[in-house]
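*Asks:* Have a peek at target24.tsv (TSV, C-alpha atoms).
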chain	number	residue	atom	x	y	z
A	22	MET	CA	-5.06	-24.99	-11.26
A	23	ASN	CA	-2.65	-24.64	-8.35
A	24	ARG	CA	-3.88	-21.41	-6.87
A	25	SER	CA	-0.64	-20.71	-5.03
A	26	SER	CA	1.62	-20.60	-8.06
A	27	ARG	CA	3.25	-17.38	-9.14
A	28	ILE	CA	2.79	-16.07	-12.66
A	29	VAL	CA	5.64	-13.92	-13.97
A	30	ILE	CA	4.70	-11.20	-16.46
A	31	THR	CA	7.73	-9.82	-18.29
A	32	LEU	CA	7.64	-6.13	-19.21
A	33	ARG	CA	9.87	-3.82	-21.18
A	34	THR	CA	9.63	-0.25	-19.93
A	35	GLU	CA	10.36	2.23	-22.70
A	36	ALA	CA	11.56	5.34	-20.86
A	37	HIS	CA	13.64	6.39	-17.85
A	38	ARG	CA	10.47	7.29	-15.97
A	39	VAL	CA	7.09	6.12	-17.15
A	40	MET	CA	3.80	4.81	-15.81
A	41	MET	CA	2.95	1.77	-17.92
A	42	ASP	CA	-0.66	0.58	-18.02
A	43	VAL	CA	-0.42	-3.17	-17.39
A	44	THR	CA	-4.13	-3.88	-16.83
A	45	GLY	CA	-4.29	-5.82	-20.10
A	46	HIS	CA	-1.29	-7.98	-19.16
A	47	VAL	CA	-2.86	-8.82	-15.80
A	48	GLN	CA	-6.26	-9.55	-17.29
A	49	GLN	CA	-4.69	-11.80	-19.93
A	50	SER	CA	-2.86	-13.81	-17.25
A	51	LEU	CA	-6.04	-14.24	-15.21
A	52	HIS	CA	-7.76	-15.49	-18.35
A	53	ALA	CA	-4.91	-17.90	-19.16
A	54	MET	CA	-5.07	-19.41	-15.67
A	55	GLN	CA	-8.90	-19.63	-15.83
A	56	ALA	CA	-9.26	-17.58	-12.66
A	57	HIS	CA	-12.88	-16.93	-11.72
A	58	ASP	CA	-13.60	-15.38	-8.33
A	59	GLY	CA	-11.11	-14.41	-5.68
A	60	LEU	CA	-8.17	-12.11	-5.05
A	61	CYS	CA	-5.39	-11.10	-7.41
A	62	MET	CA	-2.16	-10.22	-5.61
A	63	LEU	CA	0.23	-8.14	-7.72
A	64	PHE	CA	3.85	-7.72	-6.69
A	65	CYS	CA	6.71	-5.70	-8.15
A	66	PRO	CA	9.99	-7.51	-7.30
A	67	HIS	CA	12.17	-4.45	-8.00
A	68	THR	CA	13.40	-1.63	-5.75
A	69	THR	CA	13.39	1.24	-8.27
A	70	SER	CA	9.87	0.72	-9.59
A	71	GLY	CA	6.44	0.30	-8.06
A	72	LEU	CA	2.74	-0.33	-8.64
A	73	THR	CA	-0.24	1.98	-8.44
A	74	ILE	CA	-3.88	2.09	-9.48
A	75	ASN	CA	-5.12	5.34	-10.97
A	76	GLU	CA	-6.96	6.88	-13.92
A	77	GLY	CA	-6.16	5.49	-17.36
A	78	ALA	CA	-8.70	7.33	-19.55
A	79	ASP	CA	-6.65	10.52	-19.88
A	80	PRO	CA	-2.92	9.68	-20.22
A	81	ASP	CA	-2.12	13.13	-18.81
A	82	VAL	CA	-3.10	11.90	-15.33
A	83	ALA	CA	-0.26	9.35	-15.30
A	84	ARG	CA	2.14	12.02	-16.58
A	85	ASP	CA	1.00	14.41	-13.86
A	86	ILE	CA	1.59	11.75	-11.21
A	87	GLU	CA	5.09	11.03	-12.55
A	88	ALA	CA	5.87	14.77	-12.62
A	89	ALA	CA	4.50	15.35	-9.11
A	90	LEU	CA	6.65	12.52	-7.73
A	91	ALA	CA	9.66	14.05	-9.51
A	92	ARG	CA	8.99	17.40	-7.77
A	93	MET	CA	8.53	15.73	-4.39
A	94	VAL	CA	11.74	13.70	-4.71
A	95	PRO	CA	14.31	15.72	-6.70
A	96	VAL	CA	17.07	13.63	-8.30
A	97	HIS	CA	19.94	15.55	-6.75
A	98	SER	CA	19.30	16.09	-3.10
A	99	GLY	CA	22.39	14.93	-1.32
A	100	PHE	CA	21.68	11.22	-1.37
A	101	LEU	CA	24.26	8.83	0.08
A	102	HIS	CA	23.67	5.82	-2.23
A	103	ALA	CA	26.33	6.01	-4.93
A	104	GLU	CA	24.33	4.67	-7.86
A	105	GLY	CA	22.55	7.99	-8.46
A	106	ASN	CA	19.07	6.45	-8.43
A	107	SER	CA	18.04	7.06	-4.83
A	108	ASP	CA	15.07	9.12	-6.05
A	109	ALA	CA	13.78	5.94	-7.72
A	110	HIS	CA	14.08	3.95	-4.48
A	111	VAL	CA	12.15	6.65	-2.58
A	112	LYS	CA	9.38	6.74	-5.20
A	113	SER	CA	9.09	2.94	-5.00
A	114	THR	CA	8.40	3.27	-1.28
A	115	LEU	CA	5.84	6.05	-1.93
A	116	THR	CA	3.83	4.05	-4.49
A	117	GLY	CA	4.44	0.64	-2.90
A	118	VAL	CA	5.17	-2.70	-4.57
A	119	SER	CA	2.23	-4.87	-3.48
A	120	LEU	CA	-1.45	-4.58	-4.45
A	121	CYS	CA	-4.57	-6.68	-3.88
A	122	VAL	CA	-7.49	-6.47	-6.30
A	123	GLY	CA	-10.66	-8.55	-6.39
A	124	VAL	CA	-11.48	-10.84	-9.32
A	125	GLU	CA	-15.11	-11.40	-10.33
A	126	ALA	CA	-16.18	-13.80	-13.09
A	127	GLY	CA	-12.61	-13.74	-14.38
A	128	HIS	CA	-12.30	-9.96	-14.46
A	129	LEU	CA	-10.27	-7.60	-12.29
A	130	ALA	CA	-12.75	-5.73	-10.10
A	131	LEU	CA	-11.62	-2.16	-10.72
A	132	GLY	CA	-13.56	1.09	-10.54
A	133	ARG	CA	-14.82	2.64	-13.76
A	134	TRP	CA	-11.76	4.84	-14.37
A	135	GLN	CA	-9.12	2.69	-12.70
A	136	ARG	CA	-6.20	0.97	-14.41
A	137	VAL	CA	-3.19	-0.81	-12.93
A	138	PHE	CA	0.13	0.91	-13.62
A	139	PHE	CA	3.67	-0.40	-13.39
A	140	CYS	CA	5.66	2.69	-12.33
A	141	GLU	CA	9.14	2.74	-13.83
A	142	PHE	CA	11.44	5.16	-11.99
A	143	ASP	CA	14.83	4.01	-13.31
A	144	GLY	CA	14.44	2.60	-16.82
A	145	PRO	CA	14.29	1.71	-19.54
A	146	ARG	CA	14.70	-1.89	-18.45
A	147	GLN	CA	13.28	-5.36	-18.65
A	148	ARG	CA	11.10	-5.81	-15.58
A	149	GLU	CA	8.88	-8.42	-13.98
A	150	LEU	CA	5.42	-8.20	-12.49
A	151	TRP	CA	4.41	-11.12	-10.29
A	152	LEU	CA	0.79	-12.24	-10.04
A	153	ARG	CA	-0.79	-14.64	-7.63
A	154	PHE	CA	-4.46	-15.64	-7.62
A	155	ILE	CA	-6.25	-16.80	-4.48
A	156	ASP	CA	-9.61	-18.31	-5.28
A	157	ALA	CA	-12.42	-17.90	-2.83
B	17	MET	CA	-21.73	-17.12	3.16
B	18	ASN	CA	-19.96	-16.88	-0.16
B	19	ARG	CA	-16.60	-15.63	0.96
B	20	SER	CA	-15.69	-14.24	-2.46
B	21	SER	CA	-18.57	-11.80	-2.79
B	22	ARG	CA	-17.98	-8.07	-2.76
B	23	ILE	CA	-19.79	-5.85	-0.29
B	24	VAL	CA	-20.34	-2.26	-1.43
B	25	ILE	CA	-20.41	0.39	1.30
B	26	THR	CA	-21.83	3.68	0.09
B	27	LEU	CA	-20.38	6.84	1.58
B	28	ARG	CA	-21.17	10.53	1.34
B	29	THR	CA	-18.08	12.66	1.86
B	30	GLU	CA	-18.95	16.06	3.29
B	31	ALA	CA	-16.06	18.28	2.20
B	32	HIS	CA	-13.73	18.89	-0.72
B	33	ARG	CA	-10.89	17.26	1.21
B	34	VAL	CA	-11.55	15.17	4.27
B	35	MET	CA	-10.38	12.02	5.98
B	36	MET	CA	-13.53	10.10	6.93
B	37	ASP	CA	-13.31	7.45	9.65
B	38	VAL	CA	-15.05	4.42	8.14
B	39	THR	CA	-14.04	1.83	10.73
B	40	GLY	CA	-17.63	1.58	11.99
B	41	HIS	CA	-18.97	1.01	8.46
B	42	VAL	CA	-16.46	-1.77	7.86
B	43	GLN	CA	-17.10	-3.40	11.22
B	44	GLN	CA	-20.85	-3.29	10.63
B	45	SER	CA	-20.46	-5.02	7.26
B	46	LEU	CA	-18.28	-7.75	8.76
B	47	HIS	CA	-20.94	-8.28	11.42
B	48	ALA	CA	-23.75	-8.41	8.83
B	49	MET	CA	-21.91	-11.07	6.82
B	50	GLN	CA	-21.10	-13.05	10.00
B	51	ALA	CA	-17.40	-12.94	9.27
B	52	HIS	CA	-15.29	-14.62	11.96
B	53	ASP	CA	-11.59	-15.14	11.28
B	54	GLY	CA	-9.69	-14.24	8.17
B	55	LEU	CA	-8.67	-11.30	6.05
B	56	CYS	CA	-10.63	-8.18	5.19
B	57	MET	CA	-9.64	-6.64	1.87
B	58	LEU	CA	-10.71	-3.02	1.48
B	59	PHE	CA	-10.66	-1.33	-1.91
B	60	CYS	CA	-11.41	2.24	-3.01
B	61	PRO	CA	-12.70	2.11	-6.62
B	62	HIS	CA	-12.06	5.81	-7.28
B	63	THR	CA	-9.04	7.67	-8.66
B	64	THR	CA	-9.29	10.90	-6.64
B	65	SER	CA	-9.65	9.31	-3.22
B	66	GLY	CA	-7.78	6.67	-1.24
B	67	LEU	CA	-7.56	4.61	1.92
B	68	THR	CA	-5.26	4.83	4.90
B	69	ILE	CA	-5.00	3.55	8.47
B	70	ASN	CA	-3.90	6.06	11.09
B	71	GLU	CA	-4.79	7.53	14.48
B	72	GLY	CA	-8.43	8.27	15.16
B	73	ALA	CA	-8.36	9.31	18.84
B	74	ASP	CA	-7.33	12.91	18.16
B	75	PRO	CA	-9.10	14.24	15.02
B	76	ASP	CA	-6.23	16.72	14.58
B	77	VAL	CA	-4.02	13.88	13.33
B	78	ALA	CA	-6.24	13.29	10.29
B	79	ARG	CA	-6.35	17.05	9.66
B	80	ASP	CA	-2.55	17.22	9.88
B	81	ILE	CA	-2.23	14.40	7.36
B	82	GLU	CA	-4.62	16.11	4.95
B	83	ALA	CA	-2.72	19.40	5.32
B	84	ALA	CA	0.68	17.74	4.88
B	85	LEU	CA	-0.49	16.07	1.66
B	86	ALA	CA	-1.79	19.45	0.46
B	87	ARG	CA	1.66	20.99	1.04
B	88	MET	CA	3.41	18.09	-0.71
B	89	VAL	CA	1.12	18.24	-3.73
B	90	PRO	CA	0.05	21.86	-4.34
B	91	VAL	CA	-3.13	22.25	-6.40
B	92	HIS	CA	-1.61	24.55	-9.01
B	93	SER	CA	1.67	23.14	-10.14
B	94	GLY	CA	1.55	23.03	-13.90
B	95	PHE	CA	-0.47	19.85	-14.25
B	96	LEU	CA	-1.46	18.69	-17.75
B	97	HIS	CA	-4.80	17.02	-16.91
B	98	ALA	CA	-7.50	19.57	-17.73
B	99	GLU	CA	-9.99	18.75	-14.97
B	100	GLY	CA	-8.04	20.69	-12.32
B	101	ASN	CA	-7.95	17.77	-9.87
B	102	SER	CA	-4.54	16.28	-10.64
B	103	ASP	CA	-3.47	16.87	-7.04
B	104	ALA	CA	-6.25	14.49	-5.98
B	105	HIS	CA	-5.00	11.79	-8.36
B	106	VAL	CA	-1.45	12.15	-7.00
B	107	LYS	CA	-2.66	11.92	-3.39
B	108	SER	CA	-4.63	8.77	-4.25
B	109	THR	CA	-1.39	7.16	-5.45
B	110	LEU	CA	0.42	8.32	-2.27
B	111	THR	CA	-2.15	6.83	0.12
B	112	GLY	CA	-3.07	3.86	-2.07
B	113	VAL	CA	-6.49	2.33	-2.72
B	114	SER	CA	-6.11	-1.22	-1.40
B	115	LEU	CA	-5.68	-2.43	2.21
B	116	CYS	CA	-5.61	-5.81	3.93
B	117	VAL	CA	-6.54	-6.10	7.60
B	118	GLY	CA	-6.95	-9.23	9.71
B	119	VAL	CA	-10.30	-10.20	11.23
B	120	GLU	CA	-10.41	-11.99	14.59
B	121	ALA	CA	-13.62	-13.24	16.22
B	122	GLY	CA	-15.55	-10.95	13.90
B	123	HIS	CA	-13.51	-7.84	14.70
B	124	LEU	CA	-11.03	-5.90	12.56
B	125	ALA	CA	-7.58	-6.59	14.02
B	126	LEU	CA	-6.30	-3.02	14.36
B	127	GLY	CA	-3.74	-1.54	16.71
B	128	ARG	CA	-4.95	0.35	19.78
B	129	TRP	CA	-4.99	3.79	18.14
B	130	GLN	CA	-5.68	2.75	14.55
B	131	ARG	CA	-8.80	3.56	12.54
B	132	VAL	CA	-9.51	3.06	8.84
B	133	PHE	CA	-9.96	6.31	6.89
B	134	PHE	CA	-11.51	6.95	3.50
B	135	CYS	CA	-9.45	9.87	2.14
B	136	GLU	CA	-11.52	12.25	0.04
B	137	PHE	CA	-9.35	14.49	-2.14
B	138	ASP	CA	-11.96	15.83	-4.60
B	139	GLY	CA	-15.35	15.96	-2.92
B	140	PRO	CA	-17.91	16.31	-1.66
B	141	ARG	CA	-19.27	13.28	-3.49
B	142	GLN	CA	-21.05	10.00	-3.13
B	143	ARG	CA	-18.35	7.33	-2.98
B	144	GLU	CA	-18.03	3.58	-2.64
B	145	LEU	CA	-15.82	1.43	-0.46
B	146	TRP	CA	-15.56	-2.20	-1.48
B	147	LEU	CA	-15.02	-4.93	1.08
B	148	ARG	CA	-14.13	-8.56	0.57
B	149	PHE	CA	-13.71	-11.12	3.33
B	150	ILE	CA	-11.48	-14.17	2.92
B	151	ASP	CA	-12.06	-16.67	5.69
B	152	ALA	CA	-9.18	-18.74	6.89
C	21	MET	CA	-1.58	-25.12	11.87
C	22	ASN	CA	-4.47	-22.70	12.12
C	23	ARG	CA	-3.80	-20.56	9.11
C	24	SER	CA	-5.85	-17.65	10.41
C	25	SER	CA	-3.91	-17.07	13.60
C	26	ARG	CA	-1.89	-13.92	14.09
C	27	ILE	CA	1.79	-14.12	14.95
C	28	VAL	CA	3.16	-11.17	16.92
C	29	ILE	CA	6.81	-10.28	16.31
C	30	THR	CA	8.18	-7.96	18.99
C	31	LEU	CA	10.77	-5.41	17.87
C	32	ARG	CA	12.94	-2.87	19.63
C	33	THR	CA	13.72	0.08	17.38
C	34	GLU	CA	17.03	1.69	18.29
C	35	ALA	CA	16.69	5.26	17.04
C	36	HIS	CA	14.15	8.07	16.71
C	37	ARG	CA	13.91	7.44	12.97
C	38	VAL	CA	15.24	4.26	11.44
C	39	MET	CA	14.40	1.71	8.80
C	40	MET	CA	14.87	-1.69	10.44
C	41	ASP	CA	15.36	-4.73	8.19
C	42	VAL	CA	12.92	-7.32	9.59
C	43	THR	CA	13.13	-9.87	6.76
C	44	GLY	CA	14.93	-12.33	9.05
C	45	HIS	CA	12.28	-12.00	11.76
C	46	VAL	CA	9.51	-12.66	9.24
C	47	GLN	CA	11.32	-15.59	7.67
C	48	GLN	CA	11.96	-17.12	11.09
C	49	SER	CA	8.25	-16.88	11.98
C	50	LEU	CA	7.22	-18.53	8.71
C	51	HIS	CA	9.67	-21.32	9.44
C	52	ALA	CA	8.38	-21.74	13.02
C	53	MET	CA	4.79	-22.08	11.79
C	54	GLN	CA	5.87	-24.50	9.03
C	55	ALA	CA	4.36	-22.29	6.34
C	56	HIS	CA	4.87	-23.63	2.83
C	57	ASP	CA	3.04	-21.95	-0.04
C	58	GLY	CA	0.65	-19.06	0.18
C	59	LEU	CA	0.46	-15.42	1.18
C	60	CYS	CA	2.14	-13.64	4.05
C	61	MET	CA	0.22	-10.62	5.28
C	62	LEU	CA	2.32	-8.18	7.32
C	63	PHE	CA	0.68	-5.49	9.42
C	64	CYS	CA	2.11	-2.67	11.53
C	65	PRO	CA	-0.39	-1.93	14.35
C	66	HIS	CA	1.09	1.51	15.12
C	67	THR	CA	0.28	4.98	13.79
C	68	THR	CA	3.76	6.52	13.87
C	69	SER	CA	5.58	3.73	12.04
C	70	GLY	CA	5.06	1.81	8.82
C	71	LEU	CA	6.22	-0.95	6.52
C	72	THR	CA	8.00	-0.87	3.19
C	73	ILE	CA	9.93	-3.16	0.87
C	74	ASN	CA	13.09	-1.76	-0.67
C	75	GLU	CA	16.78	-2.44	-1.23
C	76	GLY	CA	18.73	-3.95	1.63
C	77	ALA	CA	22.14	-4.61	0.04
C	78	ASP	CA	23.43	-1.04	0.48
C	79	PRO	CA	22.26	0.37	3.85
C	80	ASP	CA	22.58	3.87	2.36
C	81	VAL	CA	19.38	3.28	0.39
C	82	ALA	CA	17.31	2.97	3.58
C	83	ARG	CA	19.04	6.07	4.99
C	84	ASP	CA	18.27	7.98	1.78
C	85	ILE	CA	14.60	6.99	2.00
C	86	GLU	CA	14.40	8.11	5.63
C	87	ALA	CA	16.07	11.42	4.75
C	88	ALA	CA	13.84	12.01	1.73
C	89	LEU	CA	10.71	11.44	3.84
C	90	ALA	CA	12.12	13.90	6.41
C	91	ARG	CA	12.51	16.55	3.67
C	92	MET	CA	9.01	15.89	2.32
C	93	VAL	CA	7.41	16.12	5.77
C	94	PRO	CA	9.34	18.63	7.91
C	95	VAL	CA	8.87	18.19	11.66
C	96	HIS	CA	7.77	21.75	12.32
C	97	SER	CA	5.19	22.76	9.79
C	98	GLY	CA	2.29	24.13	11.72
C	99	PHE	CA	0.71	20.85	12.73
C	100	LEU	CA	-2.37	20.89	14.99
C	101	HIS	CA	-1.76	17.63	16.89
C	102	ALA	CA	-0.18	18.60	20.19
C	103	GLU	CA	2.13	15.61	20.66
C	104	GLY	CA	4.74	16.99	18.25
C	105	ASN	CA	4.91	13.81	16.17
C	106	SER	CA	2.52	14.62	13.35
C	107	ASP	CA	5.34	14.15	10.83
C	108	ALA	CA	5.54	10.53	11.98
C	109	HIS	CA	1.79	10.02	11.40
C	110	VAL	CA	2.07	11.49	7.90
C	111	LYS	CA	5.03	9.25	7.03
C	112	SER	CA	3.09	6.22	8.26
C	113	THR	CA	0.36	7.05	5.74
C	114	LEU	CA	2.96	7.54	2.98
C	115	THR	CA	4.64	4.16	3.52
C	116	GLY	CA	1.50	2.31	4.58
C	117	VAL	CA	1.04	-0.30	7.33
C	118	SER	CA	-0.12	-3.38	5.42
C	119	LEU	CA	1.84	-5.55	2.95
C	120	CYS	CA	1.17	-8.84	1.14
C	121	VAL	CA	4.08	-11.00	0.01
C	122	GLY	CA	3.99	-14.47	-1.52
C	123	VAL	CA	5.52	-17.49	0.24
C	124	GLU	CA	7.07	-20.29	-1.81
C	125	ALA	CA	8.46	-23.49	-0.30
C	126	GLY	CA	8.57	-21.72	3.05
C	127	HIS	CA	10.43	-18.64	1.79
C	128	LEU	CA	9.23	-15.08	1.32
C	129	ALA	CA	9.02	-14.49	-2.43
C	130	LEU	CA	10.98	-11.26	-2.71
C	131	GLY	CA	12.95	-9.84	-5.60
C	132	ARG	CA	16.74	-10.21	-5.61
C	133	TRP	CA	17.47	-6.90	-3.87
C	134	GLN	CA	14.31	-6.60	-1.80
C	135	ARG	CA	14.10	-6.69	1.99
C	136	VAL	CA	11.15	-5.92	4.30
C	137	PHE	CA	11.67	-2.85	6.49
C	138	PHE	CA	9.87	-1.74	9.63
C	139	CYS	CA	9.95	2.07	9.37
C	140	GLU	CA	10.28	3.73	12.76
C	141	PHE	CA	9.31	7.41	12.63
C	142	ASP	CA	8.91	8.15	16.35
C	143	GLY	CA	11.22	5.91	18.36
C	144	PRO	CA	13.08	4.42	19.97
C	145	ARG	CA	10.30	2.16	21.19
C	146	GLN	CA	9.16	-1.39	21.61
C	147	ARG	CA	6.99	-2.18	18.60
C	148	GLU	CA	5.00	-5.06	17.17
C	149	LEU	CA	4.81	-6.50	13.68
C	150	TRP	CA	1.83	-8.75	13.02
C	151	LEU	CA	2.07	-11.64	10.58
C	152	ARG	CA	-0.66	-13.78	9.13
C	153	PHE	CA	-0.16	-16.66	6.72
C	154	ILE	CA	-2.85	-17.76	4.28
C	155	ASP	CA	-2.00	-21.08	2.72
C	156	ALA	CA	-3.08	-21.74	-0.82
Just give me the structure as C-alpha cells.
*Replies:*
Amino acid sequence: MNRSSRIVITLRTEAHRVMMDVTGHVQQSLHAMQAHDGLCMLFCPHTTSGLTINEGADPDVARDIEAALARMVPVHSGFLHAEGNSDAHVKSTLTGVSLCVGVEAGHLALGRWQRVFFCEFDGPRQRELWLRFIDA
Amino acid sequence: MNRSSRIVITLRTEAHRVMMDVTGHVQQSLHAMQAHDGLCMLFCPHTTSGLTINEGADPDVARDIEAALARMVPVHSGFLHAEGNSDAHVKSTLTGVSLCVGVEAGHLALGRWQRVFFCEFDGPRQRELWLRFIDA
Amino acid sequence: MNRSSRIVITLRTEAHRVMMDVTGHVQQSLHAMQAHDGLCMLFCPHTTSGLTINEGADPDVARDIEAALARMVPVHSGFLHAEGNSDAHVKSTLTGVSLCVGVEAGHLALGRWQRVFFCEFDGPRQRELWLRFIDA
C-alpha cells in the first residue's frame, strides 16, 4: 500500500441542502486499502459543501444543524457573487472542508454517537470526498 | 513509543456552557509519552462539545466567544431533536472536533497568545479528549 | 529535508478585515523544501485571524464570506474583552486556525475552484502562517 495515495469517493447528493452520512463510505475505503492504525484525512474538494462530525443516531440532529446554518446565513442578504449561492460558500467556511480522524484496527476512531457527514449546501450534485490514510 | 496509540484525557466540565483551557492537560500527555517533534492530533469524541484554539491571557475572550455562539444559535429556535440540546450540536459543528498542532522539542507549537480550549456546550459532564502524536 | 521542521511564511495584511489568498505562498514554500507527496499542515498562530479554503476565481466570494461573518458577529454586541476586537476572536474560532491539505507531486491537492485564504479579522498587521510537511 502506498500510504500517500488519494482515494476518491464519489457521492450523489439528493437534495439542495442535505447532510449526508458518509461514515460507511469512508469505512469501506479504509477496509479496501487494508488500513490498520494511523490517521484518516478527509477532504472536501468543493467550495459550496463541507464536512462535519456530529450525531447520527437521531436524523433530526442533522436537520437541525442544516436549519440553524440556514438561519445564520440567509440566502438573500445582499451578496455580491452573481451565482446566487454565496450562502453555500459561507456555510462551507463555517463547517470546514478538512478533517482528521484516527484509525484503530482498521476502524475510524469516532465517539459513540459520532458520524461523518458530507454537508451539501448547493445540490443536488455529483460530489467527491477525498481520503488519505497515514499509517503510524 | 507506539506513535499510533490514542491517549485519552478525562475532563470534568464544571458548567452548562464553558470554554475549558486544556493546554496543560495536552502538554502533560505529550511529556508523559516523551513526544519530541511531530504533529499532535486532538479529537473531541462528543457531539455536544468541540475544540478551538484562541486567546487564553484574558479569560473574557473565551466568555465572549461562548456568548457570541449563544447569540448565533439561540436555544429555542424550533429545533426538531427532542432532547433540547440542538444548539449544542450546532455549536459543535461550528467549532469543530478535530485539530492538528505541531510539536517542537516536546512542546505544542502555539502562537504567543494561543491556548487550546475544550468547548462544553451541554454540561456539566465528564468528557474525553483524545490525543494522537505522529512523530516526524 | 527534515520533514518535521516548521516553515514560517510572513504576510502583510492590507486591510482591517480581508481574506488574503495565500495559495501561492504555500505552493512556493512546498517547492522550496522539495516536498513531493504527503500532507501539508497549515497553522495560523494568531487569535484574531484564521484560515479557510474557499473559491478564489471570483473575488466577490471572499468578500461575501467576510461580510456574512461580519453580520453574524457584529462588532458591538456587549463583549467583555476590553480591546474592542472580540468579534475578531469569535470569527477566528468560526473559521479555525489549522488545516490539512494533501500534497501530490509537489502540488497542493485542492479542488478545481479552491484556494487557501488567510482571514484577517483585526488588521492591517504583519502576520505569520506556519507550514509543516509530513511526507508519506
*Asks:* Do me a favour and pick out the residues of chain B within 9 Å of chain C, using all atoms listed in the file, as a ChimeraX atom specification.
*Replies:* /B:53-55,68-71,74-85,87-88,110-112,115-120,125-130,151-152
*Asks:* Could you jot down the atom CA of Ala36 of chain A to atom CA of His97 of chain A separation for me, Å, one decimal place?
*Replies:* 19.3 Å
*Asks:* If you measure from atom CA of Arg136 of chain A to atom CA of Ser50 of chain A, what distance in Å do you get, rounded to one decimal?
*Replies:*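 Between these atoms lies a distance of 15.4 Å.
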*Asks:* Can you tell me how far atom CA of Thr34 of chain A sits from atom CA of Gln48 of chain A, in Å to one decimal?
*Replies:*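 Answer for the atom CA of Thr34 of chain A to atom CA of Gln48 of chain A separation: 18.6 Å.
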*Asks:* Around (-4.2, 1.3, -15.7) in the file's own coordinates, what residues are found within 6 Å if you use all atoms listed in the file, given back as a PyMOL selection string?
*Replies:* chain A and resi 42+44+77+135-138
